[in-house]
Structures are given as structure tokens and as C-alpha cells.
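Q: Structure in C-alpha cells, see below.
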Amino acid sequence: MILVLCCSASCKTPQRPTTAKSAKTTSLSGSFESKRGVMVALSCFCYNGGYLNTASGEEIAICIADDKTEINCKSPTFTGEYVTVTQAKDTNGVCPGGTMTYFKATSVRCD
């Protein structure tokens, strides 16, 4: 019983990321480069993501809500919304923590 009390007093609950959503669902299209499974800054916020380059030359970080969705075209259209996520430093030291704004895609369409 004492062991349980000591452990529960010294263990910390992991911090959950805080998320701020935009109020507007929108669609984006352009040339997409997947970073799924590749360690880049975006990987600290999502597994299935990448960067979309729009016709106007803007580069937008994209996180796909479903980790199993695969994109089999070069110019997909993403529907979703912008979110800003703040998370604490990873206790394993892989991710530094911080804040990132990205487009959270809830659906993907290839034309």
C-alpha cells in the first residue's frame, strides 16, 4: 500500500496538447509532398502529414486526421481547418515542444 502511495505521489500525468481551432472549414489544393513516417518538425504533431505547395507559392503544413489515409496522387484537395497546437517537450527528447499551426485535413480527394 505504501508503494502505491509513493508512486502515485511521484508520477506525473502526461500533459495533453492544447489545440485552438479556426471556425472555418475550407479546402486547399496543390502539389503535396508526404512526410509520413519521416522525422521532420511536423512529425512531432502528427504521423500522417506533409507539405502542400499552392499555386500561389505558399507552403502549408498538412496533418491528415486519419493515420491510415494514403495519398496516391500528386495534387490532392484537402478539406479541413487550420489548428494551432501547443505541446510540452517530449520526455524522450525527440520533440522539443512548442506551438505549430497546420491544416488538419478531415478528408482528401484525388481528381
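Chain identifiers are assigned as A, B, and so on, following the order in which chains appear in the C-alpha cells; residues are numbered from 1 within each chain, and ligands are numbered from 1 in order of appearance.
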Which residues come within 10 Å of Lys74 of chain A, counting only C-alpha atoms, excluding same-chain residues fewer than 3 positions away, as a PyMOL selection string?
A: chain A and resi 30-34+52+71+77+110-111
Q: How about saving the chosen residues, C-alpha atoms kept, as a tab-separated table (two decimals), in the first residue's frame?
A:
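The result, stored in again_14.tsv:
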chain	number	residue	atom	x	y	z
A	30	GLY	CA	-1.79	21.96	-54.78
A	31	SER	CA	1.30	19.81	-55.02
A	32	PHE	CA	1.71	17.58	-51.96
A	33	GLU	CA	4.90	16.06	-50.54
A	34	SER	CA	4.20	13.44	-47.88
A	52	LEU	CA	1.28	21.35	-49.67
A	71	ILE	CA	-2.43	9.83	-50.87
A	77	THR	CA	-7.57	18.51	-52.47
A	110	CYS	CA	-7.69	12.98	-55.69
A	111	ASP	CA	-9.03	14.22	-59.02
Q: Hey, what's within 10 Å of Met39 of chain A if we count only C-alpha atoms and toss same-chain stuff fewer than 5 positions away? As number ranges by chain, please?
A: A: 44, 47, 94-95
Q: Could the residues in this selection be written to a file with N, CA and C atoms, as an mmCIF file, in the first residue's frame?
A:
data_model
loop_
_atom_site.group_PDB
_atom_site.id
_atom_site.type_symbol
_atom_site.label_atom_id
_atom_site.label_comp_id
_atom_site.auth_asym_id
_atom_site.auth_seq_id
_atom_site.Cartn_x
_atom_site.Cartn_y
_atom_site.Cartn_z
ATOM 1 N N CYS A 44 6.358 15.858 -35.048
ATOM 2 C CA CYS A 44 6.113 15.986 -33.608
ATOM 3 C C CYS A 44 4.641 16.270 -33.319
ATOM 4 N N TYR A 47 1.581 12.002 -37.346
ATOM 5 C CA TYR A 47 2.308 10.954 -38.065
ATOM 6 C C TYR A 47 2.087 11.063 -39.572
ATOM 7 N N VAL A 94 12.968 13.688 -28.186
ATOM 8 C CA VAL A 94 12.874 13.694 -29.642
ATOM 9 C C VAL A 94 12.237 14.990 -30.157
ATOM 10 N N CYS A 95 11.156 15.394 -29.533
ATOM 11 C CA CYS A 95 10.441 16.602 -29.946
ATOM 12 C C CYS A 95 10.652 17.713 -28.912
#
Q: I need the residue nearest Lys104 of chain A from this list: A:Thr69, A:Ala88, A:Val40, A:Gly49. Use only C-alpha atoms for the distance.
A: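 Smallest distance to Lys104 of chain A is found for A:Gly49.
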Q: Skipping near chain neighbours, those fewer than 3 positions away, what residues fall within 7 Å of Phe78 of chain A using only C-alpha atoms, listed as a list in words?
A: Ser27, Leu28, Ser29, Ala105, Ser107, Val108 and Arg109 of chain A
Q: Could you write out that same residue set with C-alpha atoms as an mmCIF file, in the first residue's frame?
A:
data_model
loop_
_atom_site.group_PDB
_atom_site.id
_atom_site.type_symbol
_atom_site.label_atom_id
_atom_site.label_comp_id
_atom_site.auth_asym_id
_atom_site.auth_seq_id
_atom_site.Cartn_x
_atom_site.Cartn_y
_atom_site.Cartn_z
ATOM 1 C CA SER A 27 -10.468 23.261 -48.973
ATOM 2 C CA LEU A 28 -6.874 23.506 -50.173
ATOM 3 C CA SER A 29 -5.217 22.026 -53.237
ATOM 4 C CA ALA A 105 -7.417 17.596 -43.104
ATOM 5 C CA SER A 107 -10.898 14.429 -45.983
ATOM 6 C CA VAL A 108 -8.676 14.040 -49.025
ATOM 7 C CA ARG A 109 -9.798 13.879 -52.649
#
Q: Which of these residues is nearest to Ala65 of chain A, using only C-alpha atoms: A:Gly93, A:Gly80, A:Gly37, A:Gly50?
A: A:Gly80
Q: Rank A:Asn48, A:Ser75, A:Thr101, A:Thr91 by their smallest atom-to-atom distance to Lys35 of chain A, using only C-alpha atoms, and report the top residue only.
A: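 Distance minimum relative to Lys35 of chain A lands on A:Asn48.
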Q: Using DSSP secondary structure from the backbone, list all strand (DSSP E) positions within segment 27-60 of chain A, as an MDAnalysis selection string.
A: chainID A and resid 27:29 31:34 49:53 59:60
